[in-house]
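Coordinates as given in query-v4.txt (compact mmCIF, C-alpha atoms):
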```txt
# COMPACT_ATOMS: atom_id res chain seq x y z
CA MET A 24 61.27 31.36 -116.70
CA LYS A 25 57.78 29.89 -116.43
CA THR A 26 56.93 32.22 -113.56
CA LYS A 27 58.12 35.18 -115.60
CA ALA A 28 55.93 34.14 -118.55
CA ILE A 29 52.88 33.79 -116.33
CA LEU A 30 53.65 37.12 -114.70
CA THR A 31 53.98 38.82 -118.10
CA PHE A 32 50.75 37.20 -119.24
CA THR A 33 48.98 38.45 -116.11
CA ILE A 34 50.30 41.96 -116.58
CA VAL A 35 49.17 41.98 -120.23
CA LEU A 36 45.72 40.71 -119.25
CA GLY A 37 45.54 43.37 -116.56
CA LEU A 38 46.42 46.10 -119.04
CA ILE A 39 43.76 44.92 -121.47
CA THR A 40 41.19 44.99 -118.67
CA VAL A 41 42.24 48.48 -117.62
CA ASN A 42 42.23 49.59 -121.24
CA ASN A 43 38.74 48.17 -121.80
CA LYS A 44 37.51 49.99 -118.75
CA ILE A 45 38.93 53.24 -120.01
CA MET A 46 37.31 52.65 -123.38
CA ALA A 47 33.94 51.86 -121.87
CA GLN A 48 34.15 55.03 -119.80
CA ASN A 49 35.11 57.19 -122.76
CA TYR A 50 31.42 58.02 -123.23
CA ASN A 51 29.06 58.52 -120.33
CA PHE A 52 25.38 59.12 -120.23
CA PRO A 53 25.25 62.36 -118.24
CA GLU A 54 23.10 62.99 -115.19
CA LEU A 55 20.36 65.53 -115.81
CA PRO A 56 21.61 68.47 -113.70
CA TYR A 57 18.11 69.25 -112.35
CA ALA A 58 14.73 67.61 -111.72
CA TYR A 59 12.33 66.88 -114.58
CA ASN A 60 9.99 69.62 -113.36
CA ALA A 61 12.76 72.18 -112.75
CA LEU A 62 12.11 74.08 -115.98
CA GLU A 63 8.33 74.35 -115.52
CA PRO A 64 6.28 76.06 -116.77
CA TYR A 65 8.43 76.67 -119.85
CA ILE A 66 9.43 73.06 -120.39
CA ASP A 67 7.06 70.57 -118.78
CA ALA A 68 8.18 67.65 -116.60
CA GLN A 69 6.71 65.01 -118.91
CA THR A 70 8.60 66.36 -121.92
CA MET A 71 11.84 66.54 -119.92
CA GLU A 72 11.48 62.98 -118.71
CA ILE A 73 10.73 61.45 -122.12
CA HIS A 74 13.31 63.65 -123.81
CA TYR A 75 16.06 62.64 -121.40
CA THR A 76 15.19 59.00 -120.58
CA LYS A 77 13.98 57.94 -124.04
CA HIS A 78 15.32 60.15 -126.82
CA HIS A 79 18.70 61.10 -125.35
CA ARG A 80 19.22 57.62 -123.90
CA ALA A 81 18.51 55.99 -127.27
CA TYR A 82 21.01 58.26 -129.03
CA PHE A 83 23.64 57.43 -126.38
CA ASP A 84 23.07 53.66 -126.51
CA ASN A 85 22.99 53.57 -130.30
CA PHE A 86 26.10 55.73 -130.55
CA VAL A 87 28.11 53.57 -128.12
CA LYS A 88 27.09 50.48 -130.11
CA ALA A 89 27.91 52.07 -133.49
CA ALA A 90 31.22 53.54 -132.27
CA GLY A 91 32.20 50.15 -130.83
CA GLU A 92 31.39 48.37 -134.07
CA ALA A 93 33.33 50.98 -136.04
CA LYS A 94 36.23 50.62 -133.54
CA ILE A 95 36.42 54.36 -133.01
CA ASP A 96 35.28 54.35 -129.39
CA ASN A 97 38.75 55.45 -128.27
CA LEU A 98 38.17 58.82 -129.97
CA THR A 99 36.59 61.89 -128.43
CA LEU A 100 33.30 63.14 -129.84
CA GLU A 101 35.09 66.27 -131.06
CA ASP A 102 37.60 64.14 -133.02
CA ILE A 103 34.81 62.09 -134.56
CA PHE A 104 32.74 65.17 -135.47
CA SER A 105 35.72 66.90 -137.11
CA ARG A 106 35.67 64.16 -139.81
CA ILE A 107 32.09 62.95 -139.46
CA SER A 108 31.66 62.78 -143.24
CA ILE A 109 33.79 59.60 -143.38
CA TYR A 110 31.62 57.76 -140.83
CA SER A 111 28.24 56.04 -141.10
CA PRO A 112 24.87 57.78 -140.65
CA ALA A 113 24.52 55.82 -137.39
CA ILE A 114 27.63 57.53 -135.97
CA ARG A 115 26.60 60.95 -137.27
CA ASN A 116 22.98 60.79 -136.16
CA ASN A 117 23.45 59.12 -132.80
CA GLY A 118 26.75 60.80 -131.94
CA GLY A 119 25.16 64.15 -132.72
CA GLY A 120 22.06 63.29 -130.72
CA TYR A 121 24.22 62.23 -127.76
CA TYR A 122 26.37 65.38 -127.77
CA ASN A 123 23.67 67.91 -128.66
CA HIS A 124 21.34 66.89 -125.85
CA MET A 125 24.23 66.81 -123.37
CA LEU A 126 24.95 70.44 -124.24
CA PHE A 127 21.24 71.34 -124.23
CA TRP A 128 20.74 70.11 -120.63
CA LYS A 129 23.84 72.02 -119.53
CA VAL A 130 22.85 75.39 -120.94
CA MET A 131 19.46 75.37 -119.26
CA GLY A 132 18.53 75.46 -115.60
CA PRO A 133 16.01 76.58 -113.01
CA ASN A 134 16.12 80.20 -111.79
CA THR A 135 18.03 81.36 -114.84
CA GLY A 136 17.12 83.48 -117.84
CA GLY A 137 17.91 87.17 -117.87
CA GLN A 138 20.96 88.08 -119.88
CA PRO A 139 24.66 87.32 -120.10
CA GLU A 140 27.33 89.46 -118.44
CA GLY A 141 31.00 90.25 -118.85
CA ASP A 142 33.03 89.10 -121.85
CA LEU A 143 30.17 87.11 -123.35
CA LEU A 144 27.82 90.08 -123.32
CA LYS A 145 30.58 92.25 -124.80
CA ALA A 146 31.16 89.73 -127.59
CA ILE A 147 27.40 89.47 -128.27
CA ASP A 148 27.12 93.28 -128.45
CA GLU A 149 30.11 93.49 -130.79
CA THR A 150 28.91 90.72 -133.11
CA PHE A 151 25.17 91.29 -133.20
CA GLY A 152 24.79 94.94 -132.16
CA SER A 153 22.88 94.16 -128.99
CA PHE A 154 21.56 91.30 -126.89
CA ASP A 155 18.08 91.84 -128.34
CA LYS A 156 19.41 91.66 -131.90
CA PHE A 157 21.24 88.45 -131.06
CA LYS A 158 18.01 87.02 -129.61
CA ALA A 159 16.12 87.92 -132.78
CA ASP A 160 18.79 86.24 -134.97
CA PHE A 161 18.78 83.13 -132.82
CA GLU A 162 14.98 82.93 -132.79
CA THR A 163 14.89 83.23 -136.58
CA ALA A 164 17.38 80.38 -136.88
CA ALA A 165 15.27 78.26 -134.51
CA LYS A 166 11.96 79.06 -136.19
CA THR A 167 13.09 78.67 -139.79
CA GLN A 168 14.94 75.35 -139.42
CA PHE A 169 12.51 73.32 -141.53
CA GLY A 170 11.86 69.89 -140.06
CA SER A 171 14.02 68.51 -137.27
CA GLY A 172 17.17 70.27 -136.13
CA TRP A 173 18.93 72.73 -133.87
CA ALA A 174 19.71 76.44 -133.55
CA TRP A 175 23.16 77.39 -132.28
CA LEU A 176 25.30 80.14 -130.86
CA ALA A 177 28.88 79.11 -131.55
CA VAL A 178 32.45 80.43 -131.68
CA ASP A 179 34.32 80.17 -134.98
CA ALA A 180 38.05 79.53 -135.51
CA ASN A 181 38.77 83.26 -135.12
CA GLY A 182 37.04 83.41 -131.76
CA LYS A 183 34.03 85.20 -133.24
CA LEU A 184 30.45 84.38 -132.31
CA PHE A 185 27.90 83.29 -134.90
CA VAL A 186 24.33 82.01 -135.01
CA SER A 187 23.49 79.02 -137.20
CA GLN A 188 21.02 76.20 -137.73
CA THR A 189 21.68 72.53 -138.51
CA PRO A 190 19.29 69.78 -139.64
CA ASN A 191 18.53 66.62 -137.66
CA GLN A 192 21.32 65.91 -135.13
CA ASP A 193 24.14 67.69 -136.94
CA ASN A 194 26.06 70.41 -135.09
CA PRO A 195 28.69 73.07 -135.83
CA LEU A 196 31.56 70.75 -134.75
CA MET A 197 30.85 68.50 -137.72
CA ASP A 198 32.79 68.84 -140.96
CA VAL A 199 29.45 68.73 -142.81
CA ALA A 200 28.16 71.90 -141.11
CA ALA A 201 27.79 75.01 -143.28
CA LYS A 202 29.28 77.14 -140.46
CA ARG A 203 31.83 75.43 -138.25
CA GLY A 204 32.72 76.28 -134.69
CA LYS A 205 32.36 75.38 -131.03
CA PRO A 206 28.76 75.52 -129.79
CA VAL A 207 28.13 77.46 -126.58
CA LEU A 208 24.31 77.47 -126.74
CA GLY A 209 21.96 75.08 -128.53
CA LEU A 210 18.20 74.88 -128.87
CA ASP A 211 16.53 71.63 -129.89
CA VAL A 212 13.73 72.29 -132.40
CA TRP A 213 12.82 68.68 -133.09
CA GLU A 214 9.08 68.41 -132.49
CA HIS A 215 9.73 65.95 -129.64
CA ALA A 216 11.34 68.84 -127.72
CA TYR A 217 8.11 70.80 -127.51
CA TYR A 218 5.12 68.94 -128.92
CA LEU A 219 3.46 67.81 -125.67
CA LYS A 220 3.27 71.38 -124.39
CA TYR A 221 3.36 73.60 -127.48
CA GLN A 222 2.15 71.29 -130.28
CA ASN A 223 2.50 73.21 -133.56
CA ARG A 224 3.47 76.47 -131.81
CA ARG A 225 7.25 76.33 -132.17
CA PRO A 226 7.64 80.14 -131.97
CA GLU A 227 6.12 80.13 -128.46
CA TYR A 228 8.54 77.40 -127.34
CA VAL A 229 11.45 79.33 -128.82
CA ALA A 230 10.41 82.59 -127.10
CA ASN A 231 10.06 80.78 -123.76
CA PHE A 232 13.52 79.22 -124.07
CA TRP A 233 15.09 82.51 -122.92
CA ASN A 234 13.49 82.00 -119.49
CA VAL A 235 15.58 78.89 -118.85
CA VAL A 236 18.96 79.75 -120.42
CA ASN A 237 21.78 79.34 -117.93
CA TRP A 238 23.98 82.25 -119.06
CA LYS A 239 26.59 81.48 -116.41
CA LYS A 240 27.15 78.09 -118.03
CA VAL A 241 27.10 79.61 -121.53
CA ALA A 242 29.75 82.13 -120.41
CA GLU A 243 31.95 79.26 -119.15
CA LEU A 244 31.63 77.47 -122.47
CA TYR A 245 32.40 80.72 -124.29
CA LYS A 246 35.52 81.30 -122.18
CA ALA A 247 36.76 77.78 -122.91
CA ALA A 248 35.94 78.11 -126.63
CA VAL A 249 37.89 81.35 -127.17
CA LYS A 250 40.98 80.05 -125.36
CA MET B 26 -4.14 80.23 -157.55
CA LYS B 27 -5.44 80.18 -154.00
CA PHE B 28 -5.27 76.80 -152.31
CA GLU B 29 -7.73 75.53 -149.75
CA LEU B 30 -7.43 72.94 -147.03
CA PRO B 31 -9.09 69.78 -148.36
CA PRO B 32 -11.58 68.50 -145.76
CA LEU B 33 -11.10 65.05 -144.22
CA LYS B 34 -13.56 62.45 -145.50
CA TYR B 35 -14.05 61.27 -141.91
CA GLU B 36 -14.47 62.94 -138.51
CA ALA B 37 -11.33 63.73 -136.50
CA GLY B 38 -12.30 61.13 -133.90
CA ASP B 39 -13.08 58.35 -136.39
CA LEU B 40 -9.53 56.97 -136.54
CA ALA B 41 -9.34 56.35 -132.77
CA PRO B 42 -7.94 54.50 -130.97
CA GLN B 43 -5.07 54.21 -133.48
CA LEU B 44 -4.96 57.99 -134.00
CA SER B 45 -6.73 60.24 -131.51
CA ALA B 46 -9.10 63.08 -132.38
CA GLU B 47 -6.53 65.43 -130.82
CA THR B 48 -3.82 64.23 -133.21
CA LEU B 49 -6.13 64.67 -136.22
CA GLU B 50 -7.27 68.09 -135.03
CA TYR B 51 -3.67 69.32 -134.82
CA HIS B 52 -2.34 67.43 -137.79
CA HIS B 53 -5.08 68.45 -140.20
CA GLY B 54 -6.52 71.53 -138.52
CA LYS B 55 -3.19 73.19 -137.64
CA HIS B 56 -0.22 71.68 -139.49
CA HIS B 57 -1.88 70.94 -142.83
CA LEU B 58 -3.74 74.26 -142.68
CA ALA B 59 -0.52 76.17 -141.91
CA TYR B 60 1.16 74.73 -145.01
CA VAL B 61 -1.83 75.85 -147.11
CA ASN B 62 -1.76 79.35 -145.59
CA ASN B 63 2.03 79.68 -145.88
CA LEU B 64 1.88 78.65 -149.53
CA ASN B 65 -0.90 81.14 -150.28
CA ASN B 66 1.21 83.87 -148.66
CA LEU B 67 4.33 82.95 -150.64
CA LEU B 68 2.76 82.63 -154.09
CA PRO B 69 1.72 86.19 -155.03
CA GLY B 70 4.45 87.70 -157.21
CA SER B 71 6.34 84.40 -157.49
CA PRO B 72 6.86 82.46 -160.76
CA PHE B 73 4.48 79.81 -159.38
CA GLU B 74 1.44 82.03 -158.90
CA GLU B 75 -0.63 80.02 -161.40
CA ALA B 76 1.17 76.70 -161.04
CA THR B 77 -0.22 73.39 -159.80
CA LEU B 78 1.14 71.77 -156.65
CA GLU B 79 2.78 69.10 -158.83
CA THR B 80 4.65 71.74 -160.84
CA MET B 81 5.87 73.36 -157.63
CA ILE B 82 6.96 69.95 -156.32
CA ARG B 83 8.94 69.41 -159.54
CA LYS B 84 10.46 72.88 -159.94
CA ALA B 85 10.26 75.07 -156.84
CA GLU B 86 12.87 75.49 -154.11
CA GLY B 87 12.84 76.72 -150.53
CA GLY B 88 9.61 77.84 -148.90
CA ILE B 89 7.38 77.35 -151.94
CA PHE B 90 8.65 73.80 -152.44
CA ASN B 91 8.38 72.96 -148.73
CA ASN B 92 4.85 74.24 -148.32
CA ALA B 93 3.51 73.02 -151.68
CA ALA B 94 4.92 69.54 -151.10
CA GLN B 95 3.62 69.44 -147.54
CA VAL B 96 0.12 70.43 -148.73
CA TRP B 97 0.24 67.64 -151.34
CA ASN B 98 1.80 65.04 -149.00
CA HIS B 99 -0.72 65.58 -146.22
CA THR B 100 -3.70 65.50 -148.60
CA PHE B 101 -2.38 62.23 -150.05
CA TYR B 102 -1.77 60.77 -146.58
CA PHE B 103 -5.13 61.69 -145.04
CA ALA B 104 -6.98 60.44 -148.13
CA SER B 105 -5.48 56.97 -147.73
CA LEU B 106 -6.68 56.54 -144.13
CA SER B 107 -10.16 55.40 -143.29
CA PRO B 108 -12.06 54.08 -140.26
CA THR B 109 -13.62 51.28 -142.30
CA GLY B 110 -11.38 50.64 -145.30
CA LYS B 111 -10.07 47.49 -146.91
CA ARG B 112 -7.03 46.53 -144.84
CA THR B 113 -5.29 44.32 -147.39
CA PRO B 114 -4.59 44.88 -151.08
CA SER B 115 -6.40 42.99 -153.81
CA GLY B 116 -6.52 42.95 -157.59
CA THR B 117 -3.77 44.48 -159.72
CA VAL B 118 -1.94 46.24 -156.89
CA ALA B 119 -1.84 43.03 -154.84
CA LYS B 120 -0.34 41.19 -157.81
CA ALA B 121 2.30 43.90 -158.26
CA ILE B 122 3.17 43.76 -154.55
CA ASP B 123 3.52 39.99 -154.64
CA ALA B 124 5.68 40.22 -157.75
CA GLU B 125 8.03 42.80 -156.21
CA TYR B 126 8.10 41.78 -152.54
CA GLY B 127 7.07 38.10 -152.58
CA SER B 128 3.97 38.70 -150.46
CA PHE B 129 2.00 41.43 -148.72
CA GLU B 130 3.88 40.49 -145.54
CA GLY B 131 7.20 40.99 -147.33
CA PHE B 132 6.06 44.39 -148.55
CA ARG B 133 4.81 45.38 -145.10
CA GLU B 134 8.17 44.56 -143.61
CA ALA B 135 10.10 46.51 -146.23
CA PHE B 136 7.84 49.56 -145.99
CA THR B 137 7.82 49.46 -142.18
CA LYS B 138 11.61 49.41 -142.21
CA ALA B 139 11.72 52.47 -144.50
CA ALA B 140 9.28 54.35 -142.24
CA THR B 141 11.06 53.34 -139.04
CA THR B 142 14.60 54.12 -140.12
CA LEU B 143 14.04 57.50 -141.80
CA PHE B 144 16.04 59.79 -139.51
CA GLY B 145 14.35 63.04 -138.51
CA SER B 146 11.23 64.40 -140.17
CA GLY B 147 9.94 62.95 -143.41
CA TRP B 148 7.86 60.44 -145.31
CA ALA B 149 8.05 56.81 -146.43
CA TRP B 150 6.59 56.13 -149.87
CA LEU B 151 5.41 53.36 -152.13
CA CYS B 152 5.83 54.51 -155.72
CA MET B 153 5.48 53.27 -159.26
CA LYS B 154 8.57 53.69 -161.40
CA PRO B 155 8.27 54.76 -165.06
CA ASP B 156 8.73 51.10 -166.04
CA GLY B 157 5.63 50.19 -164.01
CA ARG B 158 7.47 48.41 -161.19
CA LEU B 159 7.04 49.26 -157.51
CA LEU B 160 9.63 51.02 -155.37
CA ILE B 161 9.77 52.01 -151.68
CA THR B 162 11.55 55.30 -150.95
CA GLN B 163 12.30 57.60 -148.01
CA GLU B 164 12.11 61.38 -148.29
CA SER B 165 13.28 63.87 -145.67
CA ASN B 166 11.16 66.80 -144.51
CA ALA B 167 8.78 67.82 -147.33
CA GLY B 168 10.34 65.50 -149.92
CA ASN B 169 8.03 64.00 -152.54
CA PRO B 170 8.95 61.32 -155.13
CA ILE B 171 7.20 63.22 -157.97
CA ARG B 172 10.32 65.39 -158.01
CA SER B 173 12.40 62.44 -159.15
CA GLY B 174 9.89 61.20 -161.75
CA LEU B 175 8.14 58.57 -159.64
CA MET B 176 4.40 58.15 -159.17
CA PRO B 177 3.41 58.00 -155.48
CA LEU B 178 0.89 55.33 -154.46
CA MET B 179 0.95 55.52 -150.68
CA THR B 180 2.79 57.37 -147.91
CA CYS B 181 3.35 57.33 -144.18
CA ASP B 182 4.06 60.61 -142.41
CA VAL B 183 6.86 60.11 -139.90
CA TRP B 184 7.23 63.70 -138.76
CA GLU B 185 6.95 63.52 -134.97
CA HIS B 186 3.80 65.69 -135.13
CA ALA B 187 2.04 62.75 -136.84
CA TYR B 188 2.35 60.55 -133.75
CA TYR B 189 3.82 62.33 -130.73
CA ILE B 190 0.53 62.99 -128.92
CA ASP B 191 -0.49 59.32 -129.16
CA TYR B 192 2.81 57.44 -129.25
CA ARG B 193 5.54 59.78 -127.93
CA ASN B 194 8.95 58.43 -128.99
CA ARG B 195 7.49 55.08 -130.06
CA ARG B 196 7.41 55.52 -133.84
CA PRO B 197 7.23 51.75 -134.50
CA ASP B 198 3.93 51.57 -132.56
CA TYR B 199 2.53 54.39 -134.69
CA ILE B 200 3.53 52.62 -137.89
CA LYS B 201 1.81 49.45 -136.66
CA ALA B 202 -1.36 51.50 -136.10
CA PHE B 203 -0.97 53.12 -139.53
CA TRP B 204 -1.42 49.72 -141.21
CA GLU B 205 -4.70 49.29 -139.34
CA LEU B 206 -6.04 52.54 -140.82
CA LEU B 207 -4.80 52.22 -144.37
CA ASP B 208 -7.50 51.89 -147.04
CA TRP B 209 -6.32 49.64 -149.86
CA LYS B 210 -9.26 50.56 -152.05
CA VAL B 211 -7.74 54.04 -152.37
CA ILE B 212 -4.25 52.70 -153.04
CA GLY B 213 -5.57 50.18 -155.57
CA GLU B 214 -7.30 53.00 -157.47
CA ARG B 215 -4.11 55.05 -157.43
CA TYR B 216 -2.20 52.08 -158.78
CA ASP B 217 -4.65 51.56 -161.64
CA GLU B 218 -4.55 55.30 -162.44
CA ALA B 219 -0.74 55.29 -162.44
CA LEU B 220 -0.70 52.29 -164.82
CA LYS B 221 -2.56 54.39 -167.39
CA LYS B 222 0.09 57.14 -167.35
```
Write-out of the structure in structure tokens:
Amino acid sequence: MKTKAILTFTIVLGLITVNNKIMAQNYNFPELPYAYNALEPYIDAQTMEIHYTKHHRAYFDNFVKAAGEAKIDNLTLEDIFSRISIYSPAIRNNGGGYYNHMLFWKVMGPNTGGQPEGDLLKAIDETFGSFDKFKADFETAAKTQFGSGWAWLAVDANGKLFVSQTPNQDNPLMDVAAKRGKPVLGLDVWEHAYYLKYQNRRPEYVANFWNVVNWKKVAELYKAAVK
Amino acid sequence: MKFELPPLKYEAGDLAPQLSAETLEYHHGKHHLAYVNNLNNLLPGSPFEEATLETMIRKAEGGIFNNAAQVWNHTFYFASLSPTGKRTPSGTVAKAIDAEYGSFEGFREAFTKAATTLFGSGWAWLCMKPDGRLLITQESNAGNPIRSGLMPLMTCDVWEHAYYIDYRNRRPDYIKAFWELLDWKVIGERYDEALKK
């Protein structure tokens, strides 16, 4: 009887430990998929390093802390974003900052640029008229977002592409977004994303972004989003 | 009305080492100037063609509000910095600060917290309320407390362009430096002016 009780106790303890591990691993700070200087000359190494090791890291750490305190760290980011309006600014701002930068690193890369192919290109042509018209729409969104924020290409609930802009660290997955959908491309237009190289010249930063867009990755995200 | 960029009352390099000449050259010579130029481009044919900046801050929306408020905010901010100013309050404004925040140190802490925690681009403000008491507020982007009937006395610009060249992501270090540049003679005069209104 005593042995059984101890055994049960041990099993329960073990489960809690396993469960805690799973919880702690629910959110990971992602590896940067390339070197800090990989996007030169369009995005400089110093900006990449500070952006990734300081800004992104701070959003991640602050989000993990806030999500733990709010006892929602068993939820996926997508779940949290879908009802972000009920959570604190700390969850919204840091959760957004964590997710948005993770996507941003993914959709860029060295030796990229050019234009999309296949289904994604077809969808862009259908929605915007042409790749160039899409680029113009996206650039306008990026240039006219007043203050800090992001420009997006996203897929709405009907599987249709749209371009939008969100302030601060909001994104189209959030229930507070004017246009909701799954982001497949994001451009950070916080000044910290470009100030060391471009200072006040945001339009130049935005125009240069096209040289580092990893369209293969964007196409993968698009394929997953329309499923 | 055509607006002009108000000149700084000091040289761009005079606020170093707290704020570099490069920061001042961009902040005043590019950002502040761009808000002036944008506003001048937006005004012709608008209902605000003959309006003051304060009227636009109270009534305008969108681009006219953003640019008018940013012209006003930057002018107000630059005018309160000085290489050789009085670094602590005295007289009537000091008394009001003590009454509201216990001490200058208490006020500094409260204002620093407002400036540090404002998420994204914006401004921290010390204002006088219509009843004459002091209030610290945070405003996003171009926000200005005049719009909600308050009288601004001092402000700290926490857009990243205000500090990124000198401090990168370290906004708290910039705010610490801001206190070392603040001229309380200017803020004391603003306080006494506001009392008369």
Determine, using only C-alpha atoms, which residues of range 130-152 of chain B have any atom at most 12 Å from an atom of range 207-214 of chain B, and tabulate each with its shortest atom pair and distance in Å to one decimal place, rows ordered by chain and then rising number, as CSV.
```
residue,atom,partner,partner_atom,distance
B:Arg133,CA,B:Leu207,CA,11.8
B:Trp150,CA,B:Ile212,CA,11.8
B:Leu151,CA,B:Ile212,CA,9.7
B:Cys152,CA,B:Ile212,CA,10.6
```
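Interatomic distance, CA of Pro112 in chain A against CA of Thr76 in chain A: 22.3 Å.
Proximity ranking of B:Lys154, B:Leu33, B:Lys120, B:Ser128 relative to His52 in chain B places B:Leu33 first, based on all atoms listed in the file.
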| request: Please provide as a VMD selection string all residues within 12 Å of range 82-88 of chain A, with the sequence filter that same-chain residues fewer than 3 positions apart are discarded (counting all atoms listed in the file). | output: (chain A and resid 46 to 53 74 to 79 91 to 100 103 110 to 125 192) or (chain B and resid 144)
Keeping only C-alpha atoms, write the selected residues to a file as an mmCIF file, in the coordinates of the input.
```
data_model
loop_
_atom_site.group_PDB
_atom_site.id
_atom_site.type_symbol
_atom_site.label_atom_id
_atom_site.label_comp_id
_atom_site.auth_asym_id
_atom_site.auth_seq_id
_atom_site.Cartn_x
_atom_site.Cartn_y
_atom_site.Cartn_z
ATOM 1 C CA MET A 46 37.310 52.650 -123.380
ATOM 2 C CA ALA A 47 33.940 51.860 -121.870
ATOM 3 C CA GLN A 48 34.150 55.030 -119.800
ATOM 4 C CA ASN A 49 35.110 57.190 -122.760
ATOM 5 C CA TYR A 50 31.420 58.020 -123.230
ATOM 6 C CA ASN A 51 29.060 58.520 -120.330
ATOM 7 C CA PHE A 52 25.380 59.120 -120.230
ATOM 8 C CA PRO A 53 25.250 62.360 -118.240
ATOM 9 C CA HIS A 74 13.310 63.650 -123.810
ATOM 10 C CA TYR A 75 16.060 62.640 -121.400
ATOM 11 C CA THR A 76 15.190 59.000 -120.580
ATOM 12 C CA LYS A 77 13.980 57.940 -124.040
ATOM 13 C CA HIS A 78 15.320 60.150 -126.820
ATOM 14 C CA HIS A 79 18.700 61.100 -125.350
ATOM 15 C CA GLY A 91 32.200 50.150 -130.830
ATOM 16 C CA GLU A 92 31.390 48.370 -134.070
ATOM 17 C CA ALA A 93 33.330 50.980 -136.040
ATOM 18 C CA LYS A 94 36.230 50.620 -133.540
ATOM 19 C CA ILE A 95 36.420 54.360 -133.010
ATOM 20 C CA ASP A 96 35.280 54.350 -129.390
ATOM 21 C CA ASN A 97 38.750 55.450 -128.270
ATOM 22 C CA LEU A 98 38.170 58.820 -129.970
ATOM 23 C CA THR A 99 36.590 61.890 -128.430
ATOM 24 C CA LEU A 100 33.300 63.140 -129.840
ATOM 25 C CA ILE A 103 34.810 62.090 -134.560
ATOM 26 C CA TYR A 110 31.620 57.760 -140.830
ATOM 27 C CA SER A 111 28.240 56.040 -141.100
ATOM 28 C CA PRO A 112 24.870 57.780 -140.650
ATOM 29 C CA ALA A 113 24.520 55.820 -137.390
ATOM 30 C CA ILE A 114 27.630 57.530 -135.970
ATOM 31 C CA ARG A 115 26.600 60.950 -137.270
ATOM 32 C CA ASN A 116 22.980 60.790 -136.160
ATOM 33 C CA ASN A 117 23.450 59.120 -132.800
ATOM 34 C CA GLY A 118 26.750 60.800 -131.940
ATOM 35 C CA GLY A 119 25.160 64.150 -132.720
ATOM 36 C CA GLY A 120 22.060 63.290 -130.720
ATOM 37 C CA TYR A 121 24.220 62.230 -127.760
ATOM 38 C CA TYR A 122 26.370 65.380 -127.770
ATOM 39 C CA ASN A 123 23.670 67.910 -128.660
ATOM 40 C CA HIS A 124 21.340 66.890 -125.850
ATOM 41 C CA MET A 125 24.230 66.810 -123.370
ATOM 42 C CA GLN A 192 21.320 65.910 -135.130
ATOM 43 C CA PHE B 144 16.040 59.790 -139.510
#
```
Please report as CSV every residue of chain A lying within 8 Å of chain B, along with the nearest atom pair and their distance in Å (one decimal), using all atoms listed in the file.
```
residue,atom,partner,partner_atom,distance
A:Ile73,CA,B:Asn194,CA,7.7
A:Lys77,CA,B:Asn194,CA,7.1
A:His78,CA,B:Asn194,CA,6.9
A:Asn116,CA,B:Phe144,CA,7.8
A:Phe169,CA,B:Asn166,CA,7.3
A:Gly170,CA,B:Asn166,CA,5.5
A:Ser171,CA,B:Gly145,CA,5.6
A:Asn191,CA,B:Gly145,CA,5.6
A:Trp213,CA,B:Gly145,CA,8.0
A:Glu214,CA,B:Glu185,CA,5.9
A:His215,CA,B:Glu185,CA,6.5
A:Tyr218,CA,B:Tyr189,CA,7.0
A:Leu219,CA,B:Ile190,CA,6.5
A:Gln222,CA,B:His186,CA,7.6
A:Asn223,CA,B:His56,CA,6.7
```
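Between CA of Asn234 in chain A and CA of Tyr57 in chain A there is a distance of 15.3 Å.
Coordinates place CA of Trp233 in chain A at a distance of 14.8 Å from CA of Glu140 in chain A.
Proximity of A:Ser105, A:Leu184, A:Asp67, A:Ala216 to Leu144 in chain A, computed with only C-alpha atoms, is greatest for A:Leu184.
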- Message: List the spatial neighbours of Ser187 in chain A as a count of residues only - criterion: any atom at most 9 Å away, only C-alpha atoms, same-chain residues fewer than 5 positions off excluded.
- Response: 12
So that I can see what lies close to Val241 in chain A, please list as a PyMOL selection string the residues with an atom at most 8 Å from it, counting all atoms listed in the file and leaving out residues fewer than 2 positions away in the same chain. chain A and resi 130+207-208+237-239+243-245
